[in-house]
file my_file_36.txt (compact mmCIF, C-alpha atoms)
# COMPACT_ATOMS: atom_id res chain seq x y z
CA MET A 1 -71.91 151.01 -154.94
CA ARG A 2 -71.85 147.23 -154.51
CA THR A 3 -70.68 146.81 -158.12
CA ARG A 4 -67.78 149.19 -157.52
CA ILE A 5 -66.69 147.26 -154.43
CA LEU A 6 -66.87 143.84 -156.10
CA ALA A 7 -65.14 144.85 -159.34
CA PRO A 8 -61.55 144.85 -157.94
CA LEU A 9 -62.20 141.49 -156.25
CA VAL A 10 -63.50 139.97 -159.49
CA ALA A 11 -60.48 141.32 -161.39
CA ALA A 12 -58.08 139.89 -158.81
CA LEU A 13 -59.73 136.48 -158.96
CA ALA A 14 -59.58 136.50 -162.75
CA LEU A 15 -55.87 137.35 -162.65
CA SER A 16 -55.05 134.55 -160.19
CA SER A 17 -57.10 132.03 -162.13
CA GLY A 18 -55.77 132.91 -165.58
CA CYS A 19 -57.74 132.61 -168.80
CA GLY A 20 -60.58 130.16 -168.75
CA GLY A 21 -60.30 129.63 -164.98
CA GLU A 22 -56.83 128.05 -165.17
CA LEU A 23 -54.90 128.56 -161.93
CA VAL A 24 -51.75 130.68 -162.33
CA CYS A 25 -49.09 130.27 -159.64
CA ASP A 26 -45.99 132.26 -158.80
CA GLY A 27 -43.05 132.04 -156.41
CA GLY A 28 -41.91 128.71 -157.85
CA GLU A 29 -45.19 126.96 -157.09
CA VAL A 30 -47.14 124.88 -159.61
CA SER A 31 -50.81 124.27 -160.16
CA PHE A 32 -51.74 120.79 -158.91
CA ARG A 33 -55.28 119.53 -158.41
CA GLY A 34 -56.77 122.95 -157.93
CA ALA A 35 -54.10 124.47 -155.67
CA CYS A 36 -50.72 126.21 -155.95
CA VAL A 37 -48.09 124.03 -154.27
CA ASP A 38 -44.34 123.65 -153.92
CA PRO A 39 -43.57 121.00 -156.61
CA VAL A 40 -41.73 118.71 -154.18
CA ARG A 41 -44.82 118.69 -151.96
CA ARG A 42 -47.42 118.06 -154.66
CA TYR A 43 -48.09 114.51 -153.40
CA GLU A 44 -47.92 115.29 -149.67
CA PRO A 45 -50.91 113.97 -147.70
CA ALA A 46 -52.88 116.26 -145.41
CA THR A 47 -51.45 114.60 -142.29
CA GLN A 48 -48.10 113.04 -141.42
CA LEU A 49 -47.80 109.64 -143.08
CA ASP A 50 -44.23 108.70 -142.13
CA ALA A 51 -43.63 109.40 -138.44
CA ASP A 52 -40.14 108.15 -137.54
CA ASN A 53 -38.55 109.36 -140.76
CA VAL A 54 -35.53 111.46 -139.69
CA VAL A 55 -32.02 109.97 -139.44
CA ALA A 56 -29.58 112.44 -137.91
CA TYR A 57 -26.07 112.08 -136.50
CA GLY A 58 -23.77 114.41 -134.60
CA GLU A 59 -24.60 117.65 -132.82
CA PRO A 60 -27.96 119.33 -133.42
CA LEU A 61 -28.02 121.83 -136.28
CA ARG A 62 -27.75 125.45 -135.18
CA ASP A 63 -27.34 127.43 -138.42
CA LEU A 64 -29.72 125.69 -140.83
CA ALA A 65 -33.39 126.48 -140.21
CA LEU A 66 -35.13 123.43 -141.65
CA PRO A 67 -38.84 123.19 -142.44
CA PRO A 68 -40.81 120.24 -141.04
CA PRO A 69 -39.64 116.93 -142.58
CA PRO A 70 -41.66 115.42 -145.45
CA LYS A 71 -45.06 114.03 -144.53
CA SER A 72 -44.45 111.28 -147.08
CA GLY A 73 -40.73 110.56 -147.38
CA PHE A 74 -37.72 111.02 -145.13
CA ARG A 75 -34.91 113.30 -144.01
CA ILE A 76 -31.21 112.56 -143.43
CA VAL A 77 -28.87 114.91 -141.59
CA ALA A 78 -25.06 114.86 -141.70
CA PRO A 79 -22.93 115.45 -138.60
CA PRO A 80 -21.88 119.14 -138.56
CA ARG A 81 -18.18 119.66 -139.14
CA THR A 82 -15.93 122.67 -138.63
CA LEU A 83 -13.10 123.32 -141.11
CA GLY A 84 -10.19 125.70 -140.69
CA PRO A 85 -9.43 128.50 -143.18
CA GLY A 86 -8.85 126.97 -146.63
CA GLU A 87 -9.22 123.43 -145.27
CA GLU A 88 -10.52 120.69 -147.56
CA VAL A 89 -11.70 117.17 -146.66
CA ALA A 90 -13.15 114.27 -148.63
CA PHE A 91 -14.74 111.38 -146.79
CA CYS A 92 -17.70 108.97 -146.68
CA LEU A 93 -20.94 109.19 -144.70
CA ALA A 94 -23.66 106.56 -144.45
CA TRP A 95 -27.25 106.32 -143.19
CA PRO A 96 -29.88 103.58 -142.98
CA ILE A 97 -33.08 104.18 -144.93
CA PRO A 98 -35.88 104.73 -142.39
CA GLU A 99 -39.15 102.85 -142.61
CA ILE A 100 -41.39 104.69 -145.07
CA THR A 101 -44.80 103.98 -146.59
CA ASN A 102 -44.30 105.03 -150.21
CA THR A 103 -41.07 104.22 -152.03
CA ILE A 104 -41.34 106.30 -155.22
CA VAL A 105 -39.12 109.40 -154.85
CA HIS A 106 -40.43 112.23 -157.02
CA GLY A 107 -38.26 115.02 -155.63
CA GLY A 108 -35.41 115.85 -153.28
CA ARG A 109 -34.15 118.97 -151.58
CA LEU A 110 -30.71 119.80 -150.19
CA TYR A 111 -30.12 122.29 -147.36
CA THR A 112 -26.55 123.44 -146.77
CA THR A 113 -24.47 126.17 -145.25
CA PRO A 114 -21.42 127.37 -147.27
CA GLY A 115 -18.68 124.77 -147.59
CA LEU A 116 -20.30 121.83 -149.37
CA HIS A 117 -18.32 121.26 -152.55
CA HIS A 118 -20.17 118.14 -153.67
CA SER A 119 -21.90 115.06 -152.35
CA ASN A 120 -23.08 112.15 -154.51
CA MET A 121 -25.90 110.54 -152.56
CA VAL A 122 -26.48 106.89 -153.54
CA ALA A 123 -28.43 103.90 -152.23
CA LYS A 124 -26.59 100.60 -152.54
CA PRO A 125 -27.19 97.00 -151.49
CA ILE A 126 -25.79 96.13 -148.07
CA ALA A 127 -22.49 94.26 -148.50
CA ALA A 128 -23.11 90.57 -147.82
CA ASP A 129 -19.67 90.04 -146.24
CA LEU A 130 -19.52 93.24 -144.15
CA GLY A 131 -23.11 93.93 -143.22
CA PRO A 132 -24.52 97.44 -142.75
CA ASN A 133 -22.16 100.40 -142.62
CA PRO A 134 -21.19 101.60 -139.11
CA TYR A 135 -23.39 104.70 -139.46
CA PRO A 136 -22.49 107.48 -139.98
CA GLU A 137 -19.09 105.97 -140.80
CA CYS A 138 -18.53 103.75 -143.84
CA HIS A 139 -16.95 100.45 -144.70
CA PRO A 140 -13.96 100.82 -147.08
CA GLY A 141 -15.19 101.56 -150.60
CA ALA A 142 -18.76 102.31 -149.55
CA ASP A 143 -18.60 105.75 -151.18
CA ASP A 144 -17.75 104.23 -154.59
CA PRO A 145 -21.06 103.91 -156.47
CA PHE A 146 -19.75 100.97 -158.47
CA SER A 147 -18.35 98.92 -155.60
CA ASN A 148 -20.56 95.88 -154.97
CA VAL A 149 -22.24 96.65 -158.32
CA GLY A 150 -22.72 92.93 -158.86
CA ALA A 151 -25.41 93.04 -156.19
CA GLY A 152 -27.32 95.75 -158.07
CA ILE A 153 -26.89 99.04 -159.92
CA PRO A 154 -26.85 101.91 -157.36
CA ASP A 155 -29.70 104.39 -157.08
CA VAL A 156 -28.49 108.01 -157.24
CA LEU A 157 -30.70 109.93 -154.84
CA PHE A 158 -29.12 113.37 -155.27
CA ALA A 159 -26.07 115.04 -156.81
CA ASN A 160 -25.57 118.72 -156.03
CA SER A 161 -24.15 121.64 -157.97
CA THR A 162 -20.60 122.65 -157.05
CA GLN A 163 -20.35 124.74 -153.85
CA VAL A 164 -24.10 125.47 -153.88
CA VAL A 165 -25.30 127.43 -150.84
CA GLY A 166 -28.75 127.40 -149.23
CA GLU A 167 -31.22 125.10 -150.95
CA GLU A 168 -31.13 123.04 -154.12
CA THR A 169 -33.96 120.93 -155.49
CA ILE A 170 -34.24 118.07 -157.95
CA GLN A 171 -37.86 117.75 -159.06
CA PHE A 172 -39.15 115.39 -161.73
CA PRO A 173 -42.19 116.22 -163.86
CA GLU A 174 -45.62 115.24 -162.61
CA GLY A 175 -46.04 111.47 -162.37
CA MET A 176 -42.31 110.73 -162.58
CA GLY A 177 -39.86 109.43 -159.99
CA TYR A 178 -37.39 106.70 -159.16
CA LYS A 179 -38.06 103.55 -157.17
CA LEU A 180 -36.15 103.37 -153.88
CA ASP A 181 -35.24 99.91 -152.60
CA THR A 182 -35.60 100.36 -148.83
CA GLN A 183 -33.56 97.20 -148.21
CA ARG A 184 -30.51 99.19 -149.32
CA GLU A 185 -28.54 101.81 -147.38
CA ILE A 186 -27.43 105.33 -148.24
CA SER A 187 -23.82 106.38 -148.64
CA THR A 188 -22.17 109.42 -150.09
CA SER A 189 -18.76 110.54 -151.27
CA ILE A 190 -18.70 113.95 -149.64
CA HIS A 191 -16.29 116.82 -150.22
CA PHE A 192 -16.17 119.87 -147.94
CA LEU A 193 -14.12 122.95 -148.86
CA ASN A 194 -13.81 126.06 -146.73
CA THR A 195 -12.99 128.91 -149.12
CA LYS A 196 -13.04 131.51 -146.36
CA ASN A 197 -10.19 132.97 -144.28
CA GLU A 198 -11.84 131.96 -141.02
CA PRO A 199 -13.10 128.68 -139.48
CA GLN A 200 -16.42 127.53 -140.89
CA ARG A 201 -19.03 125.15 -139.50
CA ILE A 202 -20.69 123.16 -142.30
CA GLU A 203 -24.21 121.81 -141.84
CA LEU A 204 -25.98 119.59 -144.35
CA ALA A 205 -29.38 117.89 -144.62
CA TYR A 206 -31.55 116.29 -147.31
CA ASP A 207 -35.30 115.75 -147.70
CA PHE A 208 -36.69 113.11 -150.05
CA PHE A 209 -40.36 113.32 -151.02
CA THR A 210 -42.27 110.19 -151.98
CA MET A 211 -45.57 109.45 -153.70
CA PRO A 212 -47.87 106.41 -153.95
CA ALA A 213 -46.94 103.82 -156.58
CA ASP A 214 -50.26 104.32 -158.37
CA GLU A 215 -49.26 107.94 -159.12
CA LEU A 216 -46.17 106.81 -161.07
CA THR A 217 -46.49 107.15 -164.85
CA GLN A 218 -42.78 107.08 -165.80
CA GLU A 219 -39.88 105.66 -163.81
CA VAL A 220 -36.61 107.57 -164.19
CA ALA A 221 -33.00 106.45 -163.74
CA PRO A 222 -29.68 108.35 -163.47
CA PHE A 223 -27.04 108.62 -166.19
CA VAL A 224 -23.52 110.03 -166.21
CA MET A 225 -20.81 111.08 -168.69
CA GLN A 226 -17.31 111.61 -167.27
CA ILE A 227 -13.82 112.40 -168.54
CA SER A 228 -11.50 110.83 -165.98
CA ASP A 229 -8.10 112.18 -167.00
CA PHE A 230 -7.09 115.46 -168.61
CA SER A 231 -4.53 118.22 -168.12
CA ILE A 232 -4.47 121.97 -168.76
CA PRO A 233 -1.10 123.80 -168.81
CA PRO A 234 -0.58 126.87 -166.60
CA HIS A 235 -2.11 130.14 -167.85
CA THR A 236 -3.91 128.38 -170.70
CA THR A 237 -7.52 128.31 -171.82
CA GLU A 238 -8.57 124.92 -173.19
CA SER A 239 -11.71 122.94 -173.87
CA VAL A 240 -12.19 119.38 -172.65
CA ASP A 241 -14.98 117.42 -174.33
CA THR A 242 -16.25 114.01 -175.32
CA THR A 243 -19.03 112.43 -177.36
CA CYS A 244 -20.82 109.34 -176.01
CA THR A 245 -23.29 107.03 -177.70
CA VAL A 246 -26.83 107.05 -176.30
CA PHE A 247 -29.57 104.47 -176.62
CA GLY A 248 -32.77 106.48 -176.87
CA GLY A 249 -35.19 107.54 -174.18
CA ASN A 250 -36.14 110.91 -172.71
CA ILE A 251 -34.02 113.18 -170.51
CA VAL A 252 -35.78 114.98 -167.65
CA SER A 253 -32.80 116.72 -166.02
CA LEU A 254 -29.20 117.78 -166.68
CA MET A 255 -26.49 119.00 -164.32
CA PRO A 256 -22.83 119.85 -165.03
CA HIS A 257 -20.06 119.32 -162.52
CA THR A 258 -16.95 121.49 -162.79
CA HIS A 259 -14.84 123.58 -160.40
CA ASP A 260 -13.91 127.25 -160.19
CA LEU A 261 -11.82 127.44 -163.38
CA ALA A 262 -14.81 126.66 -165.61
CA GLN A 263 -15.77 129.36 -168.10
CA ALA A 264 -18.48 127.48 -169.97
CA PHE A 265 -20.28 124.13 -170.08
CA THR A 266 -22.27 123.00 -173.11
CA VAL A 267 -24.31 119.95 -174.08
CA ASP A 268 -25.12 119.07 -177.70
CA PHE A 269 -27.29 116.36 -179.21
CA MET A 270 -25.74 114.69 -182.27
CA THR A 271 -28.46 113.35 -184.54
CA THR A 272 -28.32 110.39 -186.89
CA ASP A 273 -28.47 112.72 -189.92
CA GLY A 274 -25.33 114.58 -188.81
CA ALA A 275 -27.00 117.63 -187.29
CA VAL A 276 -25.94 119.17 -183.97
CA ARG A 277 -28.46 120.67 -181.54
CA ARG A 278 -27.41 122.70 -178.49
CA VAL A 279 -29.61 121.80 -175.49
CA TYR A 280 -27.67 123.18 -172.52
CA GLU A 281 -25.34 126.13 -172.09
CA ASP A 282 -23.91 127.51 -168.86
CA GLY A 283 -21.38 130.23 -168.17
CA THR A 284 -18.67 130.81 -165.60
CA TYR A 285 -18.58 129.04 -162.27
CA ASP A 286 -20.86 130.42 -159.56
CA LEU A 287 -22.59 129.28 -156.35
CA ALA A 288 -26.08 128.98 -157.87
CA SER A 289 -27.84 125.74 -158.75
CA ASP A 290 -27.00 124.35 -162.20
CA ILE A 291 -29.70 121.65 -162.25
CA ARG A 292 -32.12 122.09 -165.13
CA SER A 293 -35.34 120.10 -165.34
CA TYR A 294 -37.25 119.54 -168.58
CA ASP A 295 -41.02 119.26 -168.87
CA PRO A 296 -41.65 118.18 -171.56
CA PRO A 297 -38.50 116.05 -171.54
CA LEU A 298 -35.69 116.15 -174.10
CA ASP A 299 -36.56 113.38 -176.56
CA LEU A 300 -33.59 111.31 -177.77
CA GLU A 301 -35.48 109.93 -180.76
CA GLY A 302 -33.06 110.24 -183.70
CA VAL A 303 -30.17 111.22 -181.41
CA SER A 304 -27.12 108.99 -181.77
CA ALA A 305 -24.79 110.64 -179.24
CA ILE A 306 -24.41 113.42 -176.67
CA ARG A 307 -21.39 115.71 -176.56
CA HIS A 308 -20.53 117.70 -173.45
CA ALA A 309 -17.70 120.22 -173.31
CA CYS A 310 -16.01 122.16 -170.50
CA LEU A 311 -14.05 125.33 -171.19
CA PHE A 312 -11.38 125.95 -168.54
CA ASP A 313 -9.20 129.00 -167.98
CA ASN A 314 -6.23 127.81 -165.94
CA THR A 315 -5.07 131.01 -164.24
CA ARG A 316 -2.78 129.06 -161.91
CA ASP A 317 0.99 128.61 -162.06
CA VAL A 318 0.67 124.81 -162.10
CA GLU A 319 -0.82 122.29 -164.50
CA VAL A 320 -4.40 121.34 -163.67
CA HIS A 321 -5.59 117.74 -163.89
CA TYR A 322 -8.77 115.80 -163.14
CA GLY A 323 -9.28 115.68 -159.36
CA LEU A 324 -9.99 117.55 -156.15
CA GLY A 325 -8.27 120.57 -154.61
CA LEU A 326 -6.87 122.94 -157.25
CA ASN A 327 -7.79 120.47 -159.99
CA GLU A 328 -10.90 120.26 -162.14
CA MET A 329 -13.67 117.91 -163.29
CA CYS A 330 -15.82 117.70 -166.41
CA ILE A 331 -18.90 115.59 -165.67
CA LEU A 332 -22.46 115.56 -167.01
CA PHE A 333 -25.16 114.02 -164.82
CA GLY A 334 -28.91 113.68 -165.24
CA TYR A 335 -32.00 111.48 -165.21
CA ILE A 336 -33.59 109.61 -168.09
CA TYR A 337 -36.58 107.37 -168.77
CA PRO A 338 -37.44 104.59 -169.35
CA PRO A 339 -34.86 102.96 -167.02
CA VAL A 340 -33.78 100.49 -169.71
CA LYS A 341 -32.17 103.49 -171.50
CA GLN A 342 -29.93 104.30 -168.50
CA PHE A 343 -26.27 104.61 -169.53
CA ALA A 344 -22.81 105.55 -168.33
CA GLY A 345 -20.32 107.17 -170.72
CA LEU A 346 -16.75 106.97 -169.41
CA VAL A 347 -13.56 108.38 -170.94
CA SER A 348 -10.31 107.10 -169.45
CA GLU A 349 -8.23 109.95 -170.88
CA ASP A 350 -8.99 113.18 -172.71
CA GLY A 351 -8.94 112.60 -176.45
CA LYS A 352 -9.74 108.89 -176.21
CA PRO A 353 -13.14 107.54 -177.29
CA CYS A 354 -16.03 107.29 -174.88
CA SER A 355 -16.99 103.82 -173.65
CA SER A 356 -20.77 104.03 -173.38
CA ILE A 357 -22.57 101.23 -171.53
CA GLN A 358 -26.35 100.78 -171.51
CA LEU A 359 -26.66 100.05 -167.80
CA GLY A 360 -30.42 99.77 -168.08
CA LEU A 361 -30.09 96.36 -169.71
CA PHE A 362 -28.70 95.01 -166.44
CA ARG A 363 -31.33 96.43 -164.09
call {"tool": "encode", "arguments": {"input": "my_file_36.txt", "output": "structure tokens"}}
result
Amino acid sequence: MRTRILAPLVAALALSSGCGGELVCDGGEVSFRGACVDPVRRYEPATQLDADNVVAYGEPLRDLALPPPPKSGFRIVAPPRTLGPGEEVAFCLAWPIPEITNTIVHGGRLYTTPGLHHSNMVAKPIAADLGPNPYPECHPGADDPFSNVGAGIPDVLFANSTQVVGEETIQFPEGMGYKLDTQREISTSIHFLNTKNEPQRIELAYDFFTMPADELTQEVAPFVMQISDFSIPPHTTESVDTTCTVFGGNIVSLMPHTHDLAQAFTVDFMTTDGAVRRVYEDGTYDLASDIRSYDPPLDLEGVSAIRHACLFDNTRDVEVHYGLGLNEMCILFGYIYPPVKQFAGLVSEDGKPCSSIQLGLFR
């Protein structure tokens, strides 16, 4: 009788442990040091390490139900804002970086109600002539990642998928993260868009999870490829693309940025022997997360350039250009290591060559 009772328990334990005792996790969790954990919390201590680690402005949140803030890391909360039907606003928000113990960010999580179109969260040196931003407001130009670039290349903390709703996570592979200079301050170029026919209150918050420096095995850095000027005639389907030189390294994440006219987004590696390898393919625009993380990373050994292409179907009665509102964008963003391989590929006008700069040489 005892054998019959124990048999189902033994079978269940074997299933949860996997072959050879290996722990098998589900629900998005990963096996880490003998337990199944949320990847962004894999380095969380047992007790709260960073106590005064929440920077929030404006009215208290009422629609977002946030979990407790990171035990190691910090949280920033944007002032809630209500937009009228179809209303669209672009503006800058800024926060100080709270005092934290560990300064290696290995993951971040966004929480948002509907209405966030995009927000590029960066940490930049405080302007010597202006001083800190008047939080949560910004000095002129604070939302431009490359303003004050002479004082240091900005750290990109988070860039979200277009119009994502709910949660979105950027998580680097085990042992990887970026170094956050806590002497800097956070600013973001933020774009809210109410697509509904009724007023909408938009709430937005971010958590950043940190780990001890001795856990870091690979430091990552952001890269970007952007086509800054293009046009698509009314009722026309066209592809916008560019090919930018790369300088080696390993890619750990990719994310496209387009708007609602996008039908497809592809990324190809161009190798030194002339071959083309498709590494990313996404379909029509939706509200889901488009961030893809790679573990193992995408190795750029033998890769001379990256091509990204956006297929747009302009169903409108007007010509569509690069920009906000009814216009479009075609941007590729991601993270790469080692940091010396960080680059920015910029195209001033569709059809012109890409100017690719190895930013990592200036870090």
call {"tool": "closest_atom_pairs", "arguments": {"input": "my_file_36.txt", "of": "segment 150-252 of chain A", "to": "segment 115-139 of chain A", "cutoff": "9 Å", "atoms": "all atoms listed in the file", "output": "Markdown table"}}
result
| residue | atom | partner | partner_atom | distance |
| --- | --- | --- | --- | --- |
| A:Ala151 | CA | A:Pro125 | CA | 6.4 |
| A:Gly152 | CA | A:Pro125 | CA | 6.7 |
| A:Ile153 | CA | A:Lys124 | CA | 7.5 |
| A:Pro154 | CA | A:Lys124 | CA | 5.0 |
| A:Asp155 | CA | A:Ala123 | CA | 5.0 |
| A:Val156 | CA | A:Val122 | CA | 4.4 |
| A:Leu157 | CA | A:Met121 | CA | 5.3 |
| A:Phe158 | CA | A:Met121 | CA | 5.1 |
| A:Ala159 | CA | A:Asn120 | CA | 4.8 |
| A:Asn160 | CA | A:His118 | CA | 5.9 |
| A:Ser161 | CA | A:His118 | CA | 6.8 |
| A:Thr162 | CA | A:His117 | CA | 5.2 |
| A:Gln163 | CA | A:His117 | CA | 4.2 |
| A:Val164 | CA | A:Leu116 | CA | 6.9 |
| A:Val165 | CA | A:Leu116 | CA | 7.6 |
| A:Leu180 | CA | A:Ala123 | CA | 7.9 |
| A:Asp181 | CA | A:Ala123 | CA | 7.9 |
| A:Thr182 | CA | A:Ala123 | CA | 8.7 |
| A:Gln183 | CA | A:Pro125 | CA | 7.2 |
| A:Arg184 | CA | A:Pro125 | CA | 4.5 |
| A:Glu185 | CA | A:Ala123 | CA | 5.3 |
| A:Ile186 | CA | A:Ala123 | CA | 4.4 |
| A:Ser187 | CA | A:Val122 | CA | 5.6 |
| A:Thr188 | CA | A:Met121 | CA | 4.6 |
| A:Ser189 | CA | A:Ser119 | CA | 5.6 |
| A:Ile190 | CA | A:Ser119 | CA | 4.3 |
| A:His191 | CA | A:His118 | CA | 5.4 |
| A:Phe192 | CA | A:Leu116 | CA | 4.8 |
| A:Leu193 | CA | A:Gly115 | CA | 5.1 |
| A:Asn194 | CA | A:Gly115 | CA | 5.1 |
| A:Thr195 | CA | A:Gly115 | CA | 7.2 |
| A:Lys196 | CA | A:Gly115 | CA | 8.9 |
| A:Gln200 | CA | A:Gly115 | CA | 7.6 |
| A:Arg201 | CA | A:Gly115 | CA | 8.1 |
| A:Ile202 | CA | A:Gly115 | CA | 5.9 |
| A:Glu203 | CA | A:Leu116 | CA | 8.5 |
| A:Leu204 | CA | A:Leu116 | CA | 7.9 |
call {"tool": "closest_residue", "arguments": {"input": "my_file_36.txt", "among": "A:Ile76, A:Leu311, A:Ala46, A:Leu261", "to": "Glu281 of chain A", "atoms": "only C-alpha atoms"}}
result
A:Leu311
call {"tool": "residues_around", "arguments": {"input": "my_file_36.txt", "residues": "Pro173 of chain A", "least_positions_apart": "4", "cutoff": "9 Å", "atoms": "all atoms listed in the file", "output": "list in words"}}
result
Pro39, His106, Gly177, Val252, Ser293, Tyr294, Asp295, Pro296 and Pro297 of chain A
call {"tool": "residues_around", "arguments": {"input": "my_file_36.txt", "residues": "Pro338 of chain A", "least_positions_apart": "5", "cutoff": "12 Å", "atoms": "all atoms listed in the file", "output": "ChimeraX atom specification"}}
result
/A:176-178,217-223,247-252,297,299-300,343,358-361,363
call {"tool": "write_last_selection", "arguments": {"input": "my_file_36.txt", "atoms": "C-alpha atoms", "output": "PDB file, in the frame of the given file"}}
result
ATOM      1  CA  MET A 176     -42.310 110.730-162.580  1.00  0.00           C
ATOM      2  CA  GLY A 177     -39.860 109.430-159.990  1.00  0.00           C
ATOM      3  CA  TYR A 178     -37.390 106.700-159.160  1.00  0.00           C
ATOM      4  CA  THR A 217     -46.490 107.150-164.850  1.00  0.00           C
ATOM      5  CA  GLN A 218     -42.780 107.080-165.800  1.00  0.00           C
ATOM      6  CA  GLU A 219     -39.880 105.660-163.810  1.00  0.00           C
ATOM      7  CA  VAL A 220     -36.610 107.570-164.190  1.00  0.00           C
ATOM      8  CA  ALA A 221     -33.000 106.450-163.740  1.00  0.00           C
ATOM      9  CA  PRO A 222     -29.680 108.350-163.470  1.00  0.00           C
ATOM     10  CA  PHE A 223     -27.040 108.620-166.190  1.00  0.00           C
ATOM     11  CA  PHE A 247     -29.570 104.470-176.620  1.00  0.00           C
ATOM     12  CA  GLY A 248     -32.770 106.480-176.870  1.00  0.00           C
ATOM     13  CA  GLY A 249     -35.190 107.540-174.180  1.00  0.00           C
ATOM     14  CA  ASN A 250     -36.140 110.910-172.710  1.00  0.00           C
ATOM     15  CA  ILE A 251     -34.020 113.180-170.510  1.00  0.00           C
ATOM     16  CA  VAL A 252     -35.780 114.980-167.650  1.00  0.00           C
ATOM     17  CA  PRO A 297     -38.500 116.050-171.540  1.00  0.00           C
ATOM     18  CA  ASP A 299     -36.560 113.380-176.560  1.00  0.00           C
ATOM     19  CA  LEU A 300     -33.590 111.310-177.770  1.00  0.00           C
ATOM     20  CA  PHE A 343     -26.270 104.610-169.530  1.00  0.00           C
ATOM     21  CA  GLN A 358     -26.350 100.780-171.510  1.00  0.00           C
ATOM     22  CA  LEU A 359     -26.660 100.050-167.800  1.00  0.00           C
ATOM     23  CA  GLY A 360     -30.420  99.770-168.080  1.00  0.00           C
ATOM     24  CA  LEU A 361     -30.090  96.360-169.710  1.00  0.00           C
ATOM     25  CA  ARG A 363     -31.330  96.430-164.090  1.00  0.00           C
TER      26      ARG A 363
END
call {"tool": "residues_around", "arguments": {"input": "my_file_36.txt", "residues": "Phe74 of chain A", "least_positions_apart": "3", "cutoff": "10 Å", "atoms": "all atoms listed in the file", "output": "PDB file with C-alpha atoms, keeping the file's coordinate frame"}}
result
ATOM      1  CA  ASP A  50     -44.230 108.700-142.130  1.00  0.00           C
ATOM      2  CA  ALA A  51     -43.630 109.400-138.440  1.00  0.00           C
ATOM      3  CA  ASP A  52     -40.140 108.150-137.540  1.00  0.00           C
ATOM      4  CA  ASN A  53     -38.550 109.360-140.760  1.00  0.00           C
ATOM      5  CA  VAL A  54     -35.530 111.460-139.690  1.00  0.00           C
ATOM      6  CA  VAL A  55     -32.020 109.970-139.440  1.00  0.00           C
ATOM      7  CA  PRO A  69     -39.640 116.930-142.580  1.00  0.00           C
ATOM      8  CA  PRO A  70     -41.660 115.420-145.450  1.00  0.00           C
ATOM      9  CA  LYS A  71     -45.060 114.030-144.530  1.00  0.00           C
ATOM     10  CA  ILE A  97     -33.080 104.180-144.930  1.00  0.00           C
ATOM     11  CA  PRO A  98     -35.880 104.730-142.390  1.00  0.00           C
ATOM     12  CA  GLU A  99     -39.150 102.850-142.610  1.00  0.00           C
ATOM     13  CA  ILE A 100     -41.390 104.690-145.070  1.00  0.00           C
ATOM     14  CA  VAL A 105     -39.120 109.400-154.850  1.00  0.00           C
ATOM     15  CA  GLY A 108     -35.410 115.850-153.280  1.00  0.00           C
ATOM     16  CA  TYR A 206     -31.550 116.290-147.310  1.00  0.00           C
ATOM     17  CA  ASP A 207     -35.300 115.750-147.700  1.00  0.00           C
ATOM     18  CA  PHE A 208     -36.690 113.110-150.050  1.00  0.00           C
ATOM     19  CA  PHE A 209     -40.360 113.320-151.020  1.00  0.00           C
ATOM     20  CA  THR A 210     -42.270 110.190-151.980  1.00  0.00           C
TER      21      THR A 210
END
call {"tool": "atom_distance", "arguments": {"input": "my_file_36.txt", "atom1": "atom CA of Asn314 of chain A", "atom2": "atom CA of Ser239 of chain A"}}
result
10.8 Å
call {"tool": "atom_distance", "arguments": {"input": "my_file_36.txt", "atom1": "atom CA of Gly302 of chain A", "atom2": "atom CA of Cys354 of chain A"}}
result
19.4 Å
call {"tool": "closest_residue", "arguments": {"input": "my_file_36.txt", "among": "A:Tyr335, A:Phe91, A:Phe230, A:Phe269", "to": "Val320 of chain A", "atoms": "all atoms listed in the file"}}
result
A:Phe230
call {"tool": "residues_around", "arguments": {"input": "my_file_36.txt", "residues": "Val318 of chain A", "least_positions_apart": "2", "cutoff": "9 Å", "atoms": "all atoms listed in the file", "output": "ChimeraX atom specification"}}
result
/A:232-235,314-316,320
call {"tool": "atom_distance", "arguments": {"input": "my_file_36.txt", "atom1": "atom CA of Ala56 of chain A", "atom2": "atom CA of Ala78 of chain A"}}
result
6.4 Å
call {"tool": "residues_around", "arguments": {"input": "my_file_36.txt", "residues": "Val347 of chain A", "least_positions_apart": "6", "cutoff": "8 Å", "atoms": "only C-alpha atoms", "output": "number ranges by chain"}}
result
A: 226-229, 242, 353-355
call {"tool": "write_last_selection", "arguments": {"input": "my_file_36.txt", "atoms": "C-alpha atoms", "output": "CSV table (one decimal), in the coordinates of the input"}}
result
chain,number,residue,atom,x,y,z
A,226,GLN,CA,-17.3,111.6,-167.3
A,227,ILE,CA,-13.8,112.4,-168.5
A,228,SER,CA,-11.5,110.8,-166.0
A,229,ASP,CA,-8.1,112.2,-167.0
A,242,THR,CA,-16.2,114.0,-175.3
A,353,PRO,CA,-13.1,107.5,-177.3
A,354,CYS,CA,-16.0,107.3,-174.9
A,355,SER,CA,-17.0,103.8,-173.6
call {"tool": "closest_residue", "arguments": {"input": "my_file_36.txt", "among": "A:His259, A:Gly73, A:Leu66, A:Pro60", "to": "Gln48 of chain A", "atoms": "all atoms listed in the file"}}
result
A:Gly73
call {"tool": "closest_residue", "arguments": {"input": "my_file_36.txt", "among": "A:Glu328, A:Asp241, A:Asp282, A:Asp273", "to": "Asp350 of chain A", "atoms": "only C-alpha atoms"}}
result
A:Asp241
